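**Q** Structure: target_10.txt, compact mmCIF, C-alpha atoms.
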# COMPACT_ATOMS: atom_id res chain seq x y z
CA MET E 1 0.00 0.00 0.00
CA SER E 2 3.05 2.28 -0.16
CA PRO E 3 1.76 4.23 -3.21
CA PHE E 4 -1.27 5.24 -1.12
CA ARG E 5 0.51 6.29 2.09
CA ASN E 6 -0.17 9.99 1.59
CA SER E 7 -3.20 10.10 -0.68
CA PHE E 8 -5.61 7.80 -2.49
CA SER E 9 -9.02 7.37 -4.04
CA THR E 10 -10.84 4.07 -4.14
CA CYS E 11 -13.97 3.42 -6.16
CA MET E 12 -16.16 0.34 -6.51
CA TRP E 13 -19.60 -0.97 -7.34
CA ILE E 14 -21.48 -2.79 -4.57
CA LYS E 15 -24.64 -4.88 -4.58
CA ARG E 16 -26.08 -6.18 -1.34
CA ILE E 17 -27.93 -9.49 -1.65
CA TYR E 18 -28.20 -10.75 1.90
CA THR E 19 -29.25 -8.41 4.70
CA SER E 20 -28.52 -10.61 7.71
CA SER E 21 -25.24 -8.79 8.47
CA ALA E 22 -25.56 -5.78 10.75
CA ASN E 23 -22.57 -3.88 9.35
CA PRO E 24 -21.27 -5.86 6.36
CA VAL E 25 -17.57 -5.20 5.76
CA VAL E 26 -16.82 -4.79 2.05
CA VAL E 27 -13.16 -3.75 2.33
CA GLN E 28 -10.69 -3.61 5.18
CA TYR E 29 -6.98 -2.77 5.20
CA TYR E 30 -5.29 -3.90 8.40
CA SER E 31 -1.66 -3.32 9.34
CA SER E 32 0.55 -2.90 12.39
CA GLY E 33 -0.95 0.57 12.71
CA GLY E 34 -4.44 -0.87 13.09
CA VAL E 35 -7.37 -0.63 10.70
CA ASP E 36 -6.33 2.09 8.27
CA LEU E 37 -9.22 1.61 5.84
CA LEU E 38 -12.69 0.26 6.45
CA ILE E 39 -15.66 0.38 4.07
CA THR E 40 -19.04 -1.14 4.88
CA ALA E 41 -22.04 -1.66 2.65
CA ILE E 42 -24.32 0.52 4.75
CA GLY E 43 -22.03 3.43 5.56
CA VAL E 44 -21.58 2.75 9.26
CA HIS E 45 -17.95 2.49 10.49
CA THR E 46 -16.51 3.62 7.16
CA TYR E 47 -13.22 5.45 7.80
CA VAL E 48 -9.60 6.14 6.85
CA VAL E 49 -6.49 5.91 9.08
CA ASN E 50 -8.57 4.95 12.09
CA ASP E 51 -10.18 8.39 12.25
CA GLY E 52 -13.44 7.44 13.91
CA GLY E 53 -15.67 7.16 10.91
CA LEU E 54 -17.91 8.82 8.36
CA ASN E 55 -20.97 7.61 10.20
CA SER E 56 -23.03 10.67 9.31
CA ALA E 57 -23.48 9.17 5.84
CA SER E 58 -25.27 6.03 7.01
CA SER E 59 -28.71 7.59 6.43
CA LYS E 60 -27.82 8.02 2.74
CA PHE E 61 -27.31 4.29 2.15
CA THR E 62 -30.88 3.58 1.07
CA THR E 63 -30.15 1.63 -2.12
CA PRO E 64 -32.51 -1.38 -2.23
CA THR E 65 -31.11 -4.88 -1.84
CA GLY E 66 -30.20 -6.40 -5.20
CA LYS E 67 -29.36 -3.07 -6.87
CA TRP E 68 -25.87 -1.84 -7.70
CA PHE E 69 -24.56 1.41 -6.26
CA ASN E 70 -21.27 3.22 -6.71
CA LEU E 71 -19.07 4.16 -3.77
CA CYS E 72 -15.89 6.23 -3.82
CA LEU E 73 -13.69 7.26 -0.92
CA THR E 74 -10.88 9.83 -1.16
CA TRP E 75 -8.27 10.98 1.34
CA SER E 76 -5.01 12.91 1.52
CA LEU E 77 -2.48 13.49 4.28
CA SER E 78 -1.94 17.11 3.28
CA SER E 79 -5.62 18.04 3.61
CA THR E 80 -6.30 15.60 6.49
CA THR E 81 -9.69 15.15 4.84
CA SER E 82 -11.61 12.06 3.77
CA ASN E 83 -14.60 12.34 1.45
CA LEU E 84 -17.24 9.69 0.86
CA TYR E 85 -19.27 9.67 -2.37
CA LEU E 86 -22.38 7.63 -3.05
CA ASP E 87 -23.48 7.38 -6.70
CA GLY E 88 -21.40 10.46 -7.47
CA GLU E 89 -22.80 12.58 -4.63
CA LEU E 90 -20.63 13.77 -1.75
CA VAL E 91 -22.43 12.39 1.31
CA ALA E 92 -19.87 12.81 4.11
CA THR E 93 -16.59 14.54 4.94
CA ASP E 94 -14.35 13.84 7.91
CA GLN E 95 -11.06 15.17 9.26
CA THR E 96 -8.21 12.78 9.99
CA ALA E 97 -5.37 13.27 12.44
CA SER E 98 -2.57 15.56 11.31
CA GLY E 99 0.56 13.66 10.28
CA LYS E 100 -1.22 10.29 10.23
CA SER E 101 -0.57 8.32 7.03
CA LEU E 102 -1.41 4.80 5.94
CA THR E 103 0.87 2.16 7.42
CA THR E 104 2.51 -0.11 4.86
CA GLY E 105 2.97 -3.85 5.08
CA GLY E 106 -0.63 -4.73 5.87
CA GLN E 107 -3.29 -6.86 4.19
CA LEU E 108 -6.31 -5.87 2.14
CA TRP E 109 -9.43 -7.91 2.92
CA PHE E 110 -12.66 -8.17 0.92
CA GLY E 111 -16.04 -9.29 2.24
CA ARG E 112 -14.81 -9.57 5.82
CA GLY E 113 -12.00 -8.31 8.01
CA SER E 114 -9.10 -9.65 10.01
CA THR E 115 -10.04 -8.26 13.42
CA SER E 116 -12.39 -9.96 15.86
CA TRP E 117 -14.97 -7.22 15.26
CA SER E 118 -14.86 -7.29 11.46
CA ASN E 119 -14.58 -11.07 11.19
CA SER E 120 -17.70 -11.87 13.17
CA ALA E 121 -20.75 -13.39 11.48
CA SER E 122 -22.65 -10.10 11.70
CA ARG E 123 -19.95 -8.28 9.68
CA ILE E 124 -19.58 -10.66 6.73
CA PHE E 125 -20.63 -9.12 3.43
CA GLY E 126 -23.10 -11.15 1.38
CA GLY E 127 -23.34 -9.60 -2.05
CA GLU E 128 -21.38 -8.66 -5.14
CA LEU E 129 -18.39 -6.39 -5.65
CA TYR E 130 -17.20 -5.07 -9.01
CA GLN E 131 -14.47 -2.77 -10.35
CA TYR E 132 -12.63 -2.11 -7.09
CA ASN E 133 -9.76 0.17 -8.07
CA MET E 134 -7.36 2.37 -6.11
CA PHE E 135 -5.71 5.52 -7.40
CA ALA E 136 -2.67 7.19 -5.80
CA GLU E 137 -4.30 10.62 -5.88
CA VAL E 138 -7.46 12.39 -4.82
CA LEU E 139 -9.85 12.19 -7.76
CA SER E 140 -11.89 15.30 -8.40
CA ALA E 141 -15.60 15.42 -7.67
CA ALA E 142 -16.21 15.78 -11.41
CA THR E 143 -14.26 12.60 -12.17
CA ILE E 144 -16.11 10.66 -9.48
CA ARG E 145 -19.42 11.89 -10.89
CA LYS E 146 -18.28 10.73 -14.32
CA ILE E 147 -17.55 7.24 -12.97
CA ALA E 148 -20.95 6.99 -11.29
CA ASP E 149 -22.88 8.38 -14.26
CA GLY E 150 -20.96 6.06 -16.60
CA GLY E 151 -22.61 3.09 -14.95
CA LEU E 152 -21.43 -0.38 -14.09
CA CYS E 153 -19.70 -0.90 -17.44
CA PHE E 154 -17.89 2.44 -17.57
CA ASP E 155 -14.40 2.02 -19.04
CA LEU E 156 -11.89 3.14 -16.41
CA ASP E 157 -8.87 2.61 -18.65
CA GLY E 158 -7.20 5.93 -19.32
CA LEU E 159 -9.16 7.68 -16.60
CA SER E 160 -6.06 8.32 -14.48
CA GLU E 161 -2.37 7.49 -14.75
CA THR E 162 -2.27 6.83 -11.01
CA LYS E 163 -4.46 3.72 -10.99
CA VAL E 164 -2.10 1.43 -9.09
CA LEU E 165 -4.38 -1.27 -7.74
CA ARG E 166 -6.51 -2.66 -10.58
CA TRP E 167 -9.61 -4.81 -10.34
CA LEU E 168 -8.28 -7.29 -12.90
CA ASP E 169 -5.13 -7.79 -10.83
CA ILE E 170 -7.21 -8.39 -7.69
CA LEU E 171 -9.17 -11.13 -9.45
CA LYS E 172 -5.94 -13.02 -10.10
CA LYS E 173 -5.08 -13.27 -6.41
CA SER E 174 -5.79 -16.35 -4.29
CA ARG E 175 -9.08 -16.36 -2.34
CA SER E 176 -10.68 -18.08 0.60
CA GLY E 177 -14.26 -18.49 1.73
CA SER E 178 -17.35 -18.64 -0.47
CA VAL E 179 -16.33 -16.54 -3.47
CA THR E 180 -17.49 -17.05 -7.05
CA ASP E 181 -17.01 -15.12 -10.29
CA THR E 182 -20.19 -13.91 -11.98
CA ASP E 183 -20.70 -12.33 -15.39
CA THR E 184 -21.85 -8.72 -15.14
CA GLY E 185 -22.12 -8.50 -18.91
CA CYS E 186 -19.57 -5.69 -18.95
CA LYS E 187 -16.77 -7.52 -20.72
CA LYS E 188 -18.66 -7.56 -24.02
CA THR E 189 -19.81 -3.98 -23.53
CA LEU E 190 -16.27 -2.75 -22.81
CA ASN E 191 -14.88 -4.61 -25.82
CA ASN E 192 -17.54 -3.06 -28.06
CA THR E 193 -16.84 0.40 -26.62
CA ARG E 194 -13.10 0.08 -27.17
CA GLU E 195 -13.63 -1.25 -30.69
CA SER E 196 -15.93 1.67 -31.50
CA GLN E 197 -13.38 4.11 -30.08
CA ALA E 198 -10.62 2.51 -32.16
CA ASN E 199 -12.78 2.81 -35.29
CA LEU E 200 -13.53 6.44 -34.44
CA ASN E 201 -9.83 7.21 -33.97
CA GLU E 202 -9.09 5.55 -37.31
CA THR E 203 -11.83 7.61 -39.00
CA GLU E 204 -10.49 10.82 -37.46
CA THR E 205 -7.00 9.94 -38.74
CA GLU E 206 -8.36 9.34 -42.23
CA LEU E 207 -10.27 12.63 -42.20
CA ARG E 208 -7.17 14.46 -41.02
CA MET E 209 -5.15 12.91 -43.83
CA ILE E 210 -7.77 13.90 -46.40
CA LYS E 211 -7.78 17.46 -45.03
CA GLU E 212 -4.00 17.65 -45.28
CA GLN E 213 -4.14 16.34 -48.84
CA LEU E 214 -6.76 18.94 -49.81
CA GLU E 215 -4.70 21.70 -48.23
CA THR E 216 -1.66 20.48 -50.15
CA LEU E 217 -3.61 20.41 -53.44
CA THR E 218 -5.01 23.87 -52.74
CA GLY E 219 -1.51 25.17 -52.13
CA GLN E 220 -0.29 23.61 -55.36
CA TYR E 221 -3.22 25.15 -57.28
CA GLU E 222 -2.53 28.60 -55.87
CA THR E 223 1.14 28.24 -56.77
CA VAL E 224 0.31 27.40 -60.38
Take the structure in the file and give it back as structure tokens.
**A**
Amino acid sequence: MSPFRNSFSTCMWIKRIYTSSANPVVVQYYSSGGVDLLITAIGVHTYVVNDGGLNSASSKFTTPTGKWFNLCLTWSLSSTTSNLYLDGELVATDQTASGKSLTTGGQLWFGRGSTSWSNSASRIFGGELYQYNMFAEVLSAATIRKIADGGLCFDLDGLSETKVLRWLDILKKSRSGSVTDTDTGCKKTLNNTRESQANLNETETELRMIKEQLETLTGQYETV
């Protein structure tokens, strides 16, 4: 987690399926410094660098069970500020301790945590997670709105050069517990989008070449 010691943004899509958990833990980063990152599916106990939480946002987490919603969390050491966004809307802001950065050398957990509190039956997340990515910068509110408005299949490639932790890389890691891969239908959509963009770029190149040729011919005609 060293690239994120002083600033980061993390965005993901979450779908709750089971509601038996009181405070389902979606993501937890635990190190020798304690729990430096905690994100739950209902907003309670969500925080950065053990700051006490963004609990004021819990009333905003009203997305029905079985429906996807977008969540983004940003933080920087210099501003000592963490911001929580739900479907592109800023729903909570909290101040973190001055000089407190993320501790490296820890573990990132999904769907449960490593502490006795976060690993209890009432904290286990029963649902789906998609496109969890971490950026080594604070994304702007406009960019986060763009991600949310783009929907589940929004193409994040090229969005930021600081995307260090990629969803596709996470999927390659070993797992434990009851975890299965499901098809969101986005792979085909993303491939079609990228193919269309490639065709558009090719068309623009051809048009630019034609324009240059016309300008050259015009210059030759004027010369004659």
**Q** Between E:Arg112, E:Lys100, E:Arg145, E:Lys60, single out the one closest to Gly33 (chain E), counting all atoms listed in the file.
**A**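 Comparing E:Arg112, E:Lys100, E:Arg145, E:Lys60 against Gly33 (chain E), the winner is E:Lys100.
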**Q** Neighbours of region 76-91 of chain E within 8 Å (only C-alpha atoms; same-chain residues fewer than 6 positions away dropped), as a VMD selection string?
**A** chain E and resid 6 to 8 47 to 48 54 57 60 to 61 69 to 70 97 to 101 137 to 138 141 144 to 149
**Q** Which of these residues is nearest to Tyr18 (chain E), using only C-alpha atoms: E:Val49, E:Leu102, E:Val164, E:Ile124?
**A**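 Of the candidates, the smallest distance to Tyr18 (chain E) is held by E:Ile124.
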**Q** For a cut-off of 7 Å around (-14.8, 5.9, -3.1), file coordinates, pick out all residues using all atoms listed in the file and list them as a list in words.
**A**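 Checking each residue against the 7 Å limit leaves Ser9, Thr10, Cys11, Met12, Leu71, Cys72, Leu73, Thr74, Leu84 and Tyr85 of chain E.
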**Q** Tell me which of E:Ser120, E:Thr104, E:Asn50, E:Thr19 sits closest to Pro64 (chain E), counting all atoms listed in the file.
**A**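 Selected residue with least distance to Pro64 (chain E): E:Thr19.
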**Q** Nearest to Gly127 (chain E): which of E:Asp181, E:Asp155, E:Asp51, E:Asp36 is it, counting only C-alpha atoms?
**A**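 For Gly127 (chain E), the nearest of the candidates is E:Asp181.
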**Q** What does the distance from CA of Gly113 (chain E) to CA of Ser178 (chain E) come to in Å, to one decimal?
**A**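 Computing it gives 14.4 Å between the two atoms.
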**Q** Neighbouring residues of Arg175 (chain E) were defined as those with any atom within 10 Å, considering only C-alpha atoms; residues of the same chain fewer than 5 positions away were excluded. Please report them as a compact mmCIF listing (two decimals) with C-alpha atoms, in the coordinates of the input.
**A**
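Contents of part_27.txt, freshly written:
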# COMPACT_ATOMS: atom_id res chain seq x y z
CA TRP E 109 -9.43 -7.91 2.92
CA PHE E 110 -12.66 -8.17 0.92
CA ILE E 170 -7.21 -8.39 -7.69
CA THR E 180 -17.49 -17.05 -7.05
**Q** Can you tell me which residues surround Gly105 (chain E) at a distance of at most 8 Å, considering only C-alpha atoms, apart from same-chain residues fewer than 4 positions away, and format the answer as a VMD selection string?
**A** chain E and resid 1 31 to 32
**Q** I need the residue nearest Leu129 (chain E) from this list: E:Thr182, E:Thr96, E:Asn23, E:Gln107. Use only C-alpha atoms for the distance.
**A**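 For Leu129 (chain E), the nearest of the given residues is E:Thr182.
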**Q** To one decimal place, how far is CA of Phe135 (chain E) from CA of Ser122 (chain E) in Å?
**A**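 These atoms are spaced 29.9 Å apart.
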**Q** Quick one: pull the distance between CA of Tyr30 (chain E) and CA of Leu152 (chain E), Å, one decimal.
**A**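 Rounded to one decimal, the two atoms are 27.9 Å apart.
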**Q** Dig up all the protein and nucleic acid residues within 12 Å of (-24.6, -6.2, 11.6) in the file frame, using only C-alpha atoms, and format them as an MDAnalysis selection string.
**A** chainID E and resid 18:25 40:45 112 117:126
